[in-house]
>>> print(open('my_file21.cif').read())   # mmCIF, C-alpha atoms; chains and numbers go by the auth columns
data_data
loop_
_atom_site.group_PDB
_atom_site.id
_atom_site.type_symbol
_atom_site.label_atom_id
_atom_site.label_comp_id
_atom_site.label_asym_id
_atom_site.label_seq_id
_atom_site.Cartn_x
_atom_site.Cartn_y
_atom_site.Cartn_z
_atom_site.B_iso_or_equiv
_atom_site.auth_seq_id
_atom_site.auth_asym_id
ATOM 1 C CA GLY A 1 -12.397 4.579 -11.176 0.00 1 A
ATOM 2 C CA GLU A 2 -10.897 6.955 -8.673 0.00 2 A
ATOM 3 C CA ASP A 3 -7.398 8.243 -9.263 0.00 3 A
ATOM 4 C CA VAL A 4 -4.484 9.431 -7.122 0.00 4 A
ATOM 5 C CA GLU A 5 -1.615 11.334 -8.764 0.00 5 A
ATOM 6 C CA GLN A 6 1.889 12.085 -7.523 0.00 6 A
ATOM 7 C CA SER A 7 5.047 13.319 -9.163 0.00 7 A
ATOM 8 C CA LEU A 8 7.593 10.529 -9.553 0.00 8 A
ATOM 9 C CA PHE A 9 10.775 12.138 -8.245 0.00 9 A
ATOM 10 C CA LEU A 10 11.949 14.729 -5.708 0.00 10 A
ATOM 11 C CA SER A 11 15.500 15.632 -4.655 0.00 11 A
ATOM 12 C CA VAL A 12 16.376 17.779 -1.655 0.00 12 A
ATOM 13 C CA ARG A 13 19.505 18.663 0.297 0.00 13 A
ATOM 14 C CA GLU A 14 20.015 17.226 3.755 0.00 14 A
ATOM 15 C CA GLY A 15 18.620 19.616 6.363 0.00 15 A
ATOM 16 C CA ASP A 16 16.133 21.238 3.978 0.00 16 A
ATOM 17 C CA SER A 17 12.383 20.658 4.068 0.00 17 A
ATOM 18 C CA SER A 18 10.780 18.263 1.603 0.00 18 A
ATOM 19 C CA VAL A 19 7.262 18.698 0.301 0.00 19 A
ATOM 20 C CA ILE A 20 5.610 15.806 -1.494 0.00 20 A
ATOM 21 C CA ASN A 21 2.337 16.561 -3.236 0.00 21 A
ATOM 22 C CA CYS A 22 -0.631 14.430 -4.176 0.00 22 A
ATOM 23 C CA THR A 23 -3.955 15.049 -5.893 0.00 23 A
ATOM 24 C CA TYR A 24 -6.977 12.779 -5.874 0.00 24 A
ATOM 25 C CA THR A 25 -10.314 12.675 -7.634 0.00 25 A
ATOM 26 C CA ASP A 26 -12.667 11.004 -5.142 0.00 26 A
ATOM 27 C CA SER A 27 -14.753 13.744 -3.549 0.00 27 A
ATOM 28 C CA SER A 28 -16.075 11.245 -0.998 0.00 28 A
ATOM 29 C CA SER A 29 -12.635 10.395 0.425 0.00 29 A
ATOM 30 C CA THR A 30 -12.815 9.779 4.155 0.00 30 A
ATOM 31 C CA TYR A 31 -9.184 9.153 5.067 0.00 31 A
ATOM 32 C CA LEU A 32 -5.975 10.083 3.295 0.00 32 A
ATOM 33 C CA TYR A 33 -2.693 8.364 4.022 0.00 33 A
ATOM 34 C CA TRP A 34 1.039 8.664 3.589 0.00 34 A
ATOM 35 C CA TYR A 35 3.135 5.515 3.437 0.00 35 A
ATOM 36 C CA LYS A 36 6.921 5.158 3.209 0.00 36 A
ATOM 37 C CA GLN A 37 8.702 2.316 1.403 0.00 37 A
ATOM 38 C CA GLU A 38 12.410 1.757 1.887 0.00 38 A
ATOM 39 C CA PRO A 39 14.348 -0.327 -0.666 0.00 39 A
ATOM 40 C CA GLY A 40 13.344 -3.986 -0.644 0.00 40 A
ATOM 41 C CA ALA A 41 10.741 -3.496 2.083 0.00 41 A
ATOM 42 C CA GLY A 42 6.981 -3.299 2.430 0.00 42 A
ATOM 43 C CA LEU A 43 5.036 -0.111 3.044 0.00 43 A
ATOM 44 C CA GLN A 44 5.164 1.562 6.432 0.00 44 A
ATOM 45 C CA LEU A 45 2.216 3.721 7.502 0.00 45 A
ATOM 46 C CA LEU A 46 3.612 7.174 8.316 0.00 46 A
ATOM 47 C CA THR A 47 0.489 9.143 9.061 0.00 47 A
ATOM 48 C CA TYR A 48 -3.076 9.701 7.970 0.00 48 A
ATOM 49 C CA ILE A 49 -5.614 12.503 8.103 0.00 49 A
ATOM 50 C CA PHE A 50 -9.374 12.426 8.326 0.00 50 A
ATOM 51 C CA SER A 51 -11.098 14.364 5.578 0.00 51 A
ATOM 52 C CA ASN A 52 -12.662 16.913 7.943 0.00 52 A
ATOM 53 C CA MET A 53 -9.195 18.073 9.063 0.00 53 A
ATOM 54 C CA ASP A 54 -6.970 20.652 7.354 0.00 54 A
ATOM 55 C CA MET A 55 -3.682 19.831 8.981 0.00 55 A
ATOM 56 C CA LYS A 56 -1.996 17.207 11.104 0.00 56 A
ATOM 57 C CA GLN A 57 1.449 17.455 12.630 0.00 57 A
ATOM 58 C CA ASP A 58 3.518 14.595 13.982 0.00 58 A
ATOM 59 C CA GLN A 59 7.112 15.444 14.941 0.00 59 A
ATOM 60 C CA ARG A 60 8.914 16.275 11.676 0.00 60 A
ATOM 61 C CA LEU A 61 5.893 15.437 9.523 0.00 61 A
ATOM 62 C CA THR A 62 3.136 17.884 8.587 0.00 62 A
ATOM 63 C CA VAL A 63 0.184 16.846 6.468 0.00 63 A
ATOM 64 C CA LEU A 64 -1.902 19.517 4.766 0.00 64 A
ATOM 65 C CA LEU A 65 -5.254 18.779 3.171 0.00 65 A
ATOM 66 C CA ASN A 66 -7.102 21.096 0.797 0.00 66 A
ATOM 67 C CA LYS A 67 -10.371 19.289 0.322 0.00 67 A
ATOM 68 C CA LYS A 68 -11.761 21.848 -2.108 0.00 68 A
ATOM 69 C CA ASP A 69 -8.836 21.306 -4.495 0.00 69 A
ATOM 70 C CA LYS A 70 -8.465 17.618 -3.563 0.00 70 A
ATOM 71 C CA HIS A 71 -4.808 18.224 -2.778 0.00 71 A
ATOM 72 C CA LEU A 72 -2.755 16.536 -0.075 0.00 72 A
ATOM 73 C CA SER A 73 0.838 17.283 0.863 0.00 73 A
ATOM 74 C CA LEU A 74 3.450 15.827 3.176 0.00 74 A
ATOM 75 C CA ARG A 75 6.128 18.111 4.525 0.00 75 A
ATOM 76 C CA ILE A 76 9.217 16.593 6.128 0.00 76 A
ATOM 77 C CA ALA A 77 11.193 19.100 8.161 0.00 77 A
ATOM 78 C CA ASP A 78 14.994 18.847 8.475 0.00 78 A
ATOM 79 C CA THR A 79 15.171 16.039 5.907 0.00 79 A
ATOM 80 C CA GLN A 80 17.796 13.380 6.640 0.00 80 A
ATOM 81 C CA THR A 81 19.465 10.779 4.427 0.00 81 A
ATOM 82 C CA GLY A 82 17.374 8.140 6.209 0.00 82 A
ATOM 83 C CA ASP A 83 14.279 9.778 4.745 0.00 83 A
ATOM 84 C CA SER A 84 15.330 8.671 1.250 0.00 84 A
ATOM 85 C CA ALA A 85 12.544 6.310 0.164 0.00 85 A
ATOM 86 C CA ILE A 86 9.412 6.083 -1.967 0.00 86 A
ATOM 87 C CA TYR A 87 6.422 7.879 -0.481 0.00 87 A
ATOM 88 C CA PHE A 88 2.919 6.779 -1.406 0.00 88 A
ATOM 89 C CA CYS A 89 -0.232 8.801 -1.041 0.00 89 A
ATOM 90 C CA ALA A 90 -3.472 6.806 -0.664 0.00 90 A
ATOM 91 C CA GLU A 91 -7.120 7.590 -0.173 0.00 91 A
ATOM 92 C CA ARG A 92 -10.042 5.666 1.239 0.00 92 A
ATOM 93 C CA GLY A 93 -13.392 6.510 -0.268 0.00 93 A
ATOM 94 C CA ALA A 94 -16.834 6.255 1.220 0.00 94 A
ATOM 95 C CA SER A 95 -18.347 4.731 -1.899 0.00 95 A
ATOM 96 C CA GLY A 96 -17.850 1.172 -3.103 0.00 96 A
ATOM 97 C CA SER A 97 -15.928 -0.945 -0.665 0.00 97 A
ATOM 98 C CA ALA A 98 -14.842 1.367 2.091 0.00 98 A
ATOM 99 C CA ARG A 99 -12.118 -1.093 2.998 0.00 99 A
ATOM 100 C CA GLN A 100 -10.157 -0.427 -0.179 0.00 100 A
ATOM 101 C CA LEU A 101 -7.404 2.128 -0.508 0.00 101 A
ATOM 102 C CA THR A 102 -6.425 3.693 -3.822 0.00 102 A
ATOM 103 C CA PHE A 103 -2.695 4.395 -4.072 0.00 103 A
ATOM 104 C CA GLY A 104 -0.710 6.853 -6.114 0.00 104 A
ATOM 105 C CA SER A 105 2.311 5.707 -8.102 0.00 105 A
ATOM 106 C CA GLY A 106 4.733 6.888 -5.426 0.00 106 A
ATOM 107 C CA THR A 107 7.309 9.699 -5.203 0.00 107 A
ATOM 108 C CA GLN A 108 10.970 8.715 -4.981 0.00 108 A
ATOM 109 C CA LEU A 109 12.597 11.107 -2.505 0.00 109 A
ATOM 110 C CA THR A 110 16.368 11.409 -2.767 0.00 110 A
ATOM 111 C CA VAL A 111 18.189 13.281 -0.008 0.00 111 A
ATOM 112 C CA LEU A 112 21.543 14.673 -1.123 0.00 112 A
ATOM 113 C CA PRO A 113 24.343 15.186 1.415 0.00 113 A
ATOM 114 C CA ASP B 1 3.038 -4.194 17.127 0.00 1 B
ATOM 115 C CA VAL B 2 1.138 -5.519 14.141 0.00 2 B
ATOM 116 C CA LYS B 3 3.060 -8.173 12.295 0.00 3 B
ATOM 117 C CA VAL B 4 2.322 -9.255 8.736 0.00 4 B
ATOM 118 C CA THR B 5 4.610 -11.921 7.330 0.00 5 B
ATOM 119 C CA GLN B 6 4.957 -13.311 3.836 0.00 6 B
ATOM 120 C CA SER B 7 6.281 -16.776 3.131 0.00 7 B
ATOM 121 C CA SER B 8 9.100 -15.801 0.769 0.00 8 B
ATOM 122 C CA ARG B 9 11.068 -12.632 0.049 0.00 9 B
ATOM 123 C CA TYR B 10 12.211 -13.850 -3.372 0.00 10 B
ATOM 124 C CA LEU B 11 10.730 -16.509 -5.628 0.00 11 B
ATOM 125 C CA VAL B 12 11.670 -17.695 -9.113 0.00 12 B
ATOM 126 C CA LYS B 13 9.164 -19.843 -11.020 0.00 13 B
ATOM 127 C CA ARG B 14 8.793 -21.132 -14.550 0.00 14 B
ATOM 128 C CA THR B 15 5.998 -20.218 -16.945 0.00 15 B
ATOM 129 C CA GLY B 16 2.988 -22.470 -16.424 0.00 16 B
ATOM 130 C CA GLU B 17 3.811 -23.402 -12.834 0.00 17 B
ATOM 131 C CA LYS B 18 1.232 -23.068 -10.065 0.00 18 B
ATOM 132 C CA VAL B 19 2.456 -20.551 -7.504 0.00 19 B
ATOM 133 C CA PHE B 20 1.299 -20.029 -3.922 0.00 20 B
ATOM 134 C CA LEU B 21 2.093 -16.857 -1.998 0.00 21 B
ATOM 135 C CA GLU B 22 1.241 -17.011 1.680 0.00 22 B
ATOM 136 C CA CYS B 23 0.508 -14.164 4.075 0.00 23 B
ATOM 137 C CA VAL B 24 -0.041 -14.391 7.824 0.00 24 B
ATOM 138 C CA GLN B 25 -1.068 -11.682 10.289 0.00 25 B
ATOM 139 C CA ASP B 26 -1.034 -11.992 14.049 0.00 26 B
ATOM 140 C CA MET B 27 -3.524 -9.299 15.063 0.00 27 B
ATOM 141 C CA ASP B 28 -6.880 -10.983 14.430 0.00 28 B
ATOM 142 C CA HIS B 29 -7.707 -8.509 11.630 0.00 29 B
ATOM 143 C CA GLU B 30 -10.750 -9.321 9.561 0.00 30 B
ATOM 144 C CA ASN B 31 -9.627 -7.582 6.366 0.00 31 B
ATOM 145 C CA MET B 32 -6.677 -8.758 4.297 0.00 32 B
ATOM 146 C CA PHE B 33 -5.416 -7.639 0.890 0.00 33 B
ATOM 147 C CA TRP B 34 -3.119 -8.666 -1.951 0.00 34 B
ATOM 148 C CA TYR B 35 -1.492 -5.994 -4.135 0.00 35 B
ATOM 149 C CA ARG B 36 1.064 -6.064 -6.868 0.00 36 B
ATOM 150 C CA GLN B 37 3.569 -3.254 -7.222 0.00 37 B
ATOM 151 C CA ASP B 38 5.154 -2.306 -10.526 0.00 38 B
ATOM 152 C CA PRO B 39 7.430 0.689 -11.231 0.00 39 B
ATOM 153 C CA GLY B 40 5.461 3.803 -12.154 0.00 40 B
ATOM 154 C CA LEU B 41 2.126 2.085 -11.494 0.00 41 B
ATOM 155 C CA GLY B 42 2.039 2.183 -7.718 0.00 42 B
ATOM 156 C CA LEU B 43 0.047 -0.502 -5.932 0.00 43 B
ATOM 157 C CA ARG B 44 -2.821 -2.240 -7.656 0.00 44 B
ATOM 158 C CA LEU B 45 -5.325 -4.301 -5.698 0.00 45 B
ATOM 159 C CA ILE B 46 -5.678 -7.911 -6.839 0.00 46 B
ATOM 160 C CA TYR B 47 -8.093 -9.371 -4.274 0.00 47 B
ATOM 161 C CA PHE B 48 -9.182 -8.728 -0.746 0.00 48 B
ATOM 162 C CA SER B 49 -11.006 -10.666 1.941 0.00 49 B
ATOM 163 C CA TYR B 50 -13.189 -9.285 4.716 0.00 50 B
ATOM 164 C CA ASP B 51 -13.744 -12.557 6.566 0.00 51 B
ATOM 165 C CA VAL B 52 -12.891 -16.238 6.474 0.00 52 B
ATOM 166 C CA LYS B 53 -13.944 -17.794 3.159 0.00 53 B
ATOM 167 C CA MET B 54 -15.067 -14.377 1.876 0.00 54 B
ATOM 168 C CA LYS B 55 -13.293 -12.639 -0.980 0.00 55 B
ATOM 169 C CA GLU B 56 -13.803 -9.792 -3.395 0.00 56 B
ATOM 170 C CA LYS B 57 -12.069 -8.960 -6.643 0.00 57 B
ATOM 171 C CA GLY B 58 -9.914 -5.907 -6.766 0.00 58 B
ATOM 172 C CA ASP B 59 -8.843 -3.964 -9.820 0.00 59 B
ATOM 173 C CA ILE B 60 -6.709 -6.651 -11.513 0.00 60 B
ATOM 174 C CA PRO B 61 -7.930 -10.149 -10.503 0.00 61 B
ATOM 175 C CA GLU B 62 -7.343 -11.836 -13.878 0.00 62 B
ATOM 176 C CA GLY B 63 -4.896 -14.723 -13.644 0.00 63 B
ATOM 177 C CA TYR B 64 -5.112 -14.888 -9.835 0.00 64 B
ATOM 178 C CA SER B 65 -7.222 -16.572 -7.203 0.00 65 B
ATOM 179 C CA VAL B 66 -7.181 -16.427 -3.397 0.00 66 B
ATOM 180 C CA SER B 67 -7.951 -18.585 -0.408 0.00 67 B
ATOM 181 C CA ARG B 68 -8.869 -17.594 3.154 0.00 68 B
ATOM 182 C CA GLU B 69 -9.505 -20.736 5.208 0.00 69 B
ATOM 183 C CA LYS B 70 -8.335 -19.243 8.497 0.00 70 B
ATOM 184 C CA LYS B 71 -8.621 -15.690 9.735 0.00 71 B
ATOM 185 C CA GLU B 72 -4.885 -15.155 10.068 0.00 72 B
ATOM 186 C CA ARG B 73 -3.874 -16.534 6.657 0.00 73 B
ATOM 187 C CA PHE B 74 -4.587 -15.212 3.159 0.00 74 B
ATOM 188 C CA SER B 75 -3.099 -16.980 0.154 0.00 75 B
ATOM 189 C CA LEU B 76 -2.635 -15.720 -3.384 0.00 76 B
ATOM 190 C CA ILE B 77 -2.571 -18.360 -6.109 0.00 77 B
ATOM 191 C CA LEU B 78 -1.265 -18.030 -9.635 0.00 78 B
ATOM 192 C CA GLU B 79 -2.872 -21.008 -11.369 0.00 79 B
ATOM 193 C CA SER B 80 -0.484 -20.910 -14.343 0.00 80 B
ATOM 194 C CA ALA B 81 2.265 -18.357 -13.935 0.00 81 B
ATOM 195 C CA SER B 82 3.107 -16.121 -16.870 0.00 82 B
ATOM 196 C CA THR B 83 6.007 -13.738 -17.442 0.00 83 B
ATOM 197 C CA ASN B 84 3.708 -10.703 -17.122 0.00 84 B
ATOM 198 C CA GLN B 85 3.103 -11.737 -13.518 0.00 85 B
ATOM 199 C CA THR B 86 6.702 -10.964 -12.645 0.00 86 B
ATOM 200 C CA SER B 87 6.275 -8.321 -9.964 0.00 87 B
ATOM 201 C CA MET B 88 6.517 -7.406 -6.291 0.00 88 B
ATOM 202 C CA TYR B 89 3.539 -8.797 -4.353 0.00 89 B
ATOM 203 C CA LEU B 90 2.487 -7.101 -1.140 0.00 90 B
ATOM 204 C CA CYS B 91 0.068 -8.415 1.440 0.00 91 B
ATOM 205 C CA ALA B 92 -1.704 -6.165 3.948 0.00 92 B
ATOM 206 C CA SER B 93 -4.125 -6.520 6.816 0.00 93 B
ATOM 207 C CA MET B 94 -6.429 -3.854 8.141 0.00 94 B
ATOM 208 C CA ARG B 95 -7.622 -2.687 11.528 0.00 95 B
ATOM 209 C CA ALA B 96 -10.281 0.020 11.446 0.00 96 B
ATOM 210 C CA TYR B 97 -8.802 2.455 8.924 0.00 97 B
ATOM 211 C CA GLU B 98 -5.112 1.482 9.098 0.00 98 B
ATOM 212 C CA GLN B 99 -3.555 -0.967 6.636 0.00 99 B
ATOM 213 C CA TYR B 100 -0.360 -2.729 7.648 0.00 100 B
ATOM 214 C CA PHE B 101 1.899 -4.308 5.057 0.00 101 B
ATOM 215 C CA GLY B 102 4.166 -7.318 4.940 0.00 102 B
ATOM 216 C CA PRO B 103 7.726 -7.090 3.551 0.00 103 B
ATOM 217 C CA GLY B 104 6.722 -8.214 0.053 0.00 104 B
ATOM 218 C CA THR B 105 7.569 -11.148 -2.216 0.00 105 B
ATOM 219 C CA ARG B 106 9.512 -10.420 -5.377 0.00 106 B
ATOM 220 C CA LEU B 107 8.333 -13.010 -7.892 0.00 107 B
ATOM 221 C CA THR B 108 10.173 -13.639 -11.142 0.00 108 B
ATOM 222 C CA VAL B 109 8.545 -15.858 -13.767 0.00 109 B
ATOM 223 C CA THR B 110 10.938 -17.102 -16.427 0.00 110 B
#
>>> encode(input="my_file21.cif", output="structure tokens")
Amino acid sequence: GEDVEQSLFLSVREGDSSVINCTYTDSSSTYLYWYKQEPGAGLQLLTYIFSNMDMKQDQRLTVLLNKKDKHLSLRIADTQTGDSAIYFCAERGASGSARQLTFGSGTQLTVLP
Amino acid sequence: DVKVTQSSRYLVKRTGEKVFLECVQDMDHENMFWYRQDPGLGLRLIYFSYDVKMKEKGDIPEGYSVSREKKERFSLILESASTNQTSMYLCASMRAYEQYFGPGTRLTVT
């Protein structure tokens, strides 16, 4: 099946930028997503990008997509302690059931004061 | 705002018990999903439903069943709970290409 890979941990200092990376294998991906999960909570949709886009910016969040390398990143500018959470990358393919998302294992972001 | 609710935040059950996890969404979404979340494994799809009474198996359906009698409600059933089903269970509903999640149910089977 299709696969989505993320590193498990990232630590940054408050005020710095964070970059969370993700790679995927499905060349037919149509949408790629970033979700945030705070402790004890469900997943919150942060942003998503359509596969024919290279970049999407939304306030402090910038998503970059390199479709050739199947690489997605999420940059958080001016990272705050409230950004500490698990961040999940997910992709939606065009093959199989297009309703399904495939998730990575999540990156635990720790923001140090 | 989309609202997805799950019947319990925490649940403790004994091995062999029948367990029902309920999920309700208030946005008339056709597609609903059940995932389990385990550390280091991310989210794995158990079952999903694209309409009332319709269901499809996800990646890990063994040991689970589902019920969708009404559009707003999607239930996950563990016919005979086992300790390896101890996990966080997340429900989601989908509009177009956006999935919205409930707060999760942390199930412990002893």
>>> interface_residues(input="my_file21.cif", of="chain B", to="chain A", cutoff="10 Å", atoms="all atoms listed in the file", output="PyMOL selection string")
chain B and resi 4+9+31-33+37-45+48-50+56+58-59+88-92+94-106
>>> resolve_selection(input="my_file21.cif", expression="the PyMOL selection byres ((chain A and resi 70-78) around 9)", output="CSV table (one decimal) with C-alpha atoms, keeping the file's coordinate frame")
chain,number,residue,atom,x,y,z
A,14,GLU,CA,20.0,17.2,3.8
A,15,GLY,CA,18.6,19.6,6.4
A,16,ASP,CA,16.1,21.2,4.0
A,17,SER,CA,12.4,20.7,4.1
A,18,SER,CA,10.8,18.3,1.6
A,19,VAL,CA,7.3,18.7,0.3
A,20,ILE,CA,5.6,15.8,-1.5
A,21,ASN,CA,2.3,16.6,-3.2
A,22,CYS,CA,-0.6,14.4,-4.2
A,23,THR,CA,-4.0,15.0,-5.9
A,24,TYR,CA,-7.0,12.8,-5.9
A,25,THR,CA,-10.3,12.7,-7.6
A,26,ASP,CA,-12.7,11.0,-5.1
A,27,SER,CA,-14.8,13.7,-3.5
A,32,LEU,CA,-6.0,10.1,3.3
A,34,TRP,CA,1.0,8.7,3.6
A,59,GLN,CA,7.1,15.4,14.9
A,60,ARG,CA,8.9,16.3,11.7
A,61,LEU,CA,5.9,15.4,9.5
A,62,THR,CA,3.1,17.9,8.6
A,63,VAL,CA,0.2,16.8,6.5
A,64,LEU,CA,-1.9,19.5,4.8
A,65,LEU,CA,-5.3,18.8,3.2
A,66,ASN,CA,-7.1,21.1,0.8
A,67,LYS,CA,-10.4,19.3,0.3
A,68,LYS,CA,-11.8,21.8,-2.1
A,69,ASP,CA,-8.8,21.3,-4.5
A,79,THR,CA,15.2,16.0,5.9
A,80,GLN,CA,17.8,13.4,6.6
A,83,ASP,CA,14.3,9.8,4.7
A,89,CYS,CA,-0.2,8.8,-1.0
>>> atom_distance(input="my_file21.cif", atom1="atom CA of Thr5 of chain B", atom2="atom CA of Cys23 of chain B")
5.7 Å
>>> closest_residue(input="my_file21.cif", among="A:Tyr87, A:Leu112, A:Leu46, A:Gly93", to="Ser29 of chain A", atoms="all atoms listed in the file")
A:Gly93
>>> atom_distance(input="my_file21.cif", atom1="atom CA of Glu91 of chain A", atom2="atom CA of Lys56 of chain A")
15.7 Å
>>> atom_distance(input="my_file21.cif", atom1="atom CA of Tyr64 of chain B", atom2="atom CA of Glu22 of chain B")
13.3 Å
>>> resolve_selection(input="my_file21.cif", expression="the PyMOL selection byres ((chain B and resi 70) around 10)", output="count of residues only")
11
>>> residues_around(input="my_file21.cif", residues="Val111 of chain A", least_positions_apart="6", cutoff="7 Å", atoms="all atoms listed in the file", output="list in words")
Ser11, Val12, Arg13, Glu14, Gln80, Thr81 and Ser84 of chain A
>>> resolve_selection(input="my_file21.cif", expression="the PyMOL selection byres ((chain B and resi 82) around 12)", output="ChimeraX atom specification")
/B:12-19,62-64,78-81,83-87,107-110
>>> axis_aligned_box(input="my_file21.cif", around="segment 40-57 of chain A", padding_each_side="3 Å", output="lines of an AutoDock Vina configuration file")
center_x = 0.3
center_y = 8.3
center_z = 6.0
size_x = 32.0
size_y = 30.6
size_z = 19.3
